[in-house]
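Enquirer: Provided below: entry00.cif, containing mmCIF, C-alpha atoms.
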data_my_file
loop_
_atom_site.label_atom_id
_atom_site.label_comp_id
_atom_site.auth_asym_id
_atom_site.auth_seq_id
_atom_site.Cartn_x
_atom_site.Cartn_y
_atom_site.Cartn_z
CA MET X 1 130.85 122.63 81.08
CA VAL X 2 128.34 121.84 83.81
CA GLN X 3 128.08 118.37 85.27
CA LEU X 4 124.80 117.20 86.78
CA THR X 5 125.67 114.19 88.92
CA PHE X 6 122.65 112.19 90.00
CA TYR X 7 122.85 109.58 92.76
CA SER X 8 119.82 107.33 92.49
CA SER X 9 118.37 103.99 93.49
CA ALA X 10 116.49 101.56 91.28
CA PHE X 11 113.57 101.33 93.70
CA CYS X 12 113.22 105.04 94.41
CA GLU X 13 110.08 106.73 93.10
CA PRO X 14 111.42 110.26 93.78
CA CYS X 15 114.45 109.26 91.70
CA ILE X 16 112.21 108.74 88.67
CA ARG X 17 110.86 112.29 88.98
CA THR X 18 114.34 113.70 89.61
CA ARG X 19 115.68 111.95 86.50
CA ALA X 20 112.98 113.68 84.42
CA VAL X 21 113.94 117.08 85.88
CA LEU X 22 117.63 116.50 85.15
CA GLU X 23 116.99 115.26 81.62
CA GLU X 24 115.00 118.44 80.95
CA ALA X 25 117.79 120.59 82.43
CA GLU X 26 120.32 118.80 80.25
CA ARG X 27 118.13 119.48 77.21
CA LEU X 28 117.80 123.19 78.11
CA VAL X 29 121.46 123.80 78.98
CA PRO X 30 123.69 122.72 76.08
CA ALA X 31 126.80 122.83 78.29
CA ALA X 32 125.30 120.39 80.80
CA THR X 33 126.12 116.71 81.02
CA LEU X 34 124.11 114.28 83.13
CA VAL X 35 125.95 111.48 84.93
CA GLU X 36 123.98 108.98 86.99
CA HIS X 37 125.26 106.64 89.70
CA ASP X 38 123.14 103.97 91.31
CA ILE X 39 124.06 104.17 95.01
CA VAL X 40 123.99 100.38 95.33
CA ARG X 41 126.07 99.61 92.24
CA SER X 42 128.41 102.57 92.80
CA GLU X 43 128.57 102.38 96.58
CA GLU X 44 132.18 103.56 96.80
CA ALA X 45 131.60 106.59 94.56
CA ALA X 46 128.52 107.52 96.58
CA ARG X 47 130.40 107.18 99.86
CA GLU X 48 133.31 109.29 98.57
CA ALA X 49 130.86 112.00 97.51
CA GLY X 50 129.20 112.01 100.94
CA ILE X 51 125.87 110.77 99.62
CA ARG X 52 123.47 109.78 102.39
CA VAL X 53 120.11 109.61 100.59
CA ALA X 54 118.67 109.00 97.15
CA PRO X 55 117.97 111.02 95.19
CA THR X 56 120.86 113.42 95.58
CA VAL X 57 121.94 115.83 92.85
CA VAL X 58 125.34 117.52 92.75
CA VAL X 59 126.06 120.26 90.20
CA THR X 60 129.70 121.05 89.48
CA ASP X 61 131.43 123.60 87.27
CA SER X 62 134.15 122.94 84.70
CA ALA X 63 136.81 122.97 87.44
CA GLY X 64 134.92 120.30 89.39
CA ARG X 65 133.81 122.71 92.12
CA GLU X 66 130.45 121.89 93.67
CA VAL X 67 128.00 124.77 93.23
CA PHE X 68 124.80 123.00 94.30
CA ARG X 69 123.70 119.92 96.20
CA ALA X 70 120.12 118.76 96.72
CA GLU X 71 119.12 115.82 98.84
CA GLY X 72 115.65 114.86 97.68
CA GLU X 73 113.85 116.11 94.60
CA PRO X 74 115.11 119.43 93.23
CA SER X 75 112.87 121.56 91.07
CA LEU X 76 113.78 122.36 87.49
CA ALA X 77 114.22 126.00 88.51
CA GLN X 78 116.74 125.05 91.21
CA VAL X 79 118.78 122.97 88.79
CA LEU X 80 118.74 125.68 86.11
CA VAL X 81 119.89 128.34 88.60
CA ALA X 82 122.68 126.00 89.75
CA ALA X 83 123.70 125.35 86.14
CA ALA X 84 123.84 129.10 85.49
CA LYS X 85 126.13 129.52 88.54
CA ALA X 86 128.37 126.77 87.21
CA LEU X 87 128.81 128.38 83.78
#
Once more with this new file: its structure as structure tokens, please.

Expert:
Amino acid sequence: MVQLTFYSSAFCEPCIRTRAVLEEAERLVPAATLVEHDIVRSEEAAREAGIRVAPTVVVTDSAGREVFRAEGEPSLAQVLVAAAKAL
């Protein structure tokens, strides 16, 4: 299993584009699951994860190990490579 954790903000235009990238990655990688946290509503979770900006994407493997982190908008290719590393 691959977890795509997306830290976003409701008023963040780059977050809208990042969400589309992650939804496509989730569609292309059957083992991937997308989890989204709004950094305002989930402030504690964001702080615990060391999130400083939105959007931030963290890809973890089935053991919960972080294999990729992107602050800002990642490309689909970056997310797919990270997902492959996590498998």

Enquirer: Quick one: of X:Val58, X:Cys12, X:Pro30, X:Phe6, who's nearest to Ser42 of chain X, counting all atoms listed in the file?

Expert: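 Residue with the minimum atom-to-atom distance to Ser42 of chain X: X:Phe6.
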
Enquirer: Taking the file as I've supplied it (selection: the PyMOL selection byres ((chain X and resi 14) around 10)), which residues are included? Please answer as a PDB file with C-alpha atoms, in the frame of the given file.

Expert:
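And here's result.pdb as it stands now:
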ATOM      1  CA  SER X   8     119.820 107.330  92.490  1.00  0.00           C
ATOM      2  CA  SER X   9     118.370 103.990  93.490  1.00  0.00           C
ATOM      3  CA  PHE X  11     113.570 101.330  93.700  1.00  0.00           C
ATOM      4  CA  CYS X  12     113.220 105.040  94.410  1.00  0.00           C
ATOM      5  CA  GLU X  13     110.080 106.730  93.100  1.00  0.00           C
ATOM      6  CA  CYS X  15     114.450 109.260  91.700  1.00  0.00           C
ATOM      7  CA  ILE X  16     112.210 108.740  88.670  1.00  0.00           C
ATOM      8  CA  ARG X  17     110.860 112.290  88.980  1.00  0.00           C
ATOM      9  CA  THR X  18     114.340 113.700  89.610  1.00  0.00           C
ATOM     10  CA  ARG X  19     115.680 111.950  86.500  1.00  0.00           C
ATOM     11  CA  ALA X  54     118.670 109.000  97.150  1.00  0.00           C
ATOM     12  CA  PRO X  55     117.970 111.020  95.190  1.00  0.00           C
ATOM     13  CA  GLY X  72     115.650 114.860  97.680  1.00  0.00           C
ATOM     14  CA  GLU X  73     113.850 116.110  94.600  1.00  0.00           C
ATOM     15  CA  PRO X  74     115.110 119.430  93.230  1.00  0.00           C
TER      16      PRO X  74
END

Enquirer: Extract, using all atoms listed in the file, all DNA, RNA and protein residues at most 12 Å from Ala77 of chain X, discarding same-chain residues fewer than 5 positions from it, and format them as a PyMOL selection string.

Expert: chain X and resi 21-22+24-25+28+82-84

Enquirer: If you count only C-alpha atoms, which residues fall within 12 Å of Thr60 of chain X, apart from same-chain ones fewer than 4 positions away, as a list in words?

Expert: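 Using only C-alpha atoms, the neighbours found are Met1, Val2, Gln3, Leu4, Thr5, Phe6, Ala31, Ala32, Thr33, Leu34, Val35, Gly64, Arg65, Glu66, Val67, Phe68, Arg69, Val79, Ala82, Ala83, Ala84, Lys85, Ala86 and Leu87 of chain X.
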
Enquirer: Report the distance between atom CA of Ile39 of chain X and atom CA of Tyr7 of chain X in Å, rounded to one decimal place.

Expert: 6.0 Å

Enquirer: What separation in Å, quoted to one decimal, exists between atom CA of Gly50 of chain X and atom CA of Arg27 of chain X?

Expert: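 Straight-line distance from atom CA of Gly50 of chain X to atom CA of Arg27 of chain X works out to 27.2 Å.
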
Enquirer: May I ask for the distance between atom CA of Arg52 of chain X and atom CA of Leu80 of chain X, given in Å to one decimal place?

Expert: 23.2 Å

Enquirer: Which of these, X:Ala46, X:Val81, X:Val40, X:Glu23, has the shortest distance to Val59 of chain X once you count all atoms listed in the file?

Expert: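 Between X:Ala46, X:Val81, X:Val40, X:Glu23, the residue approaching Val59 of chain X most closely is X:Val81.
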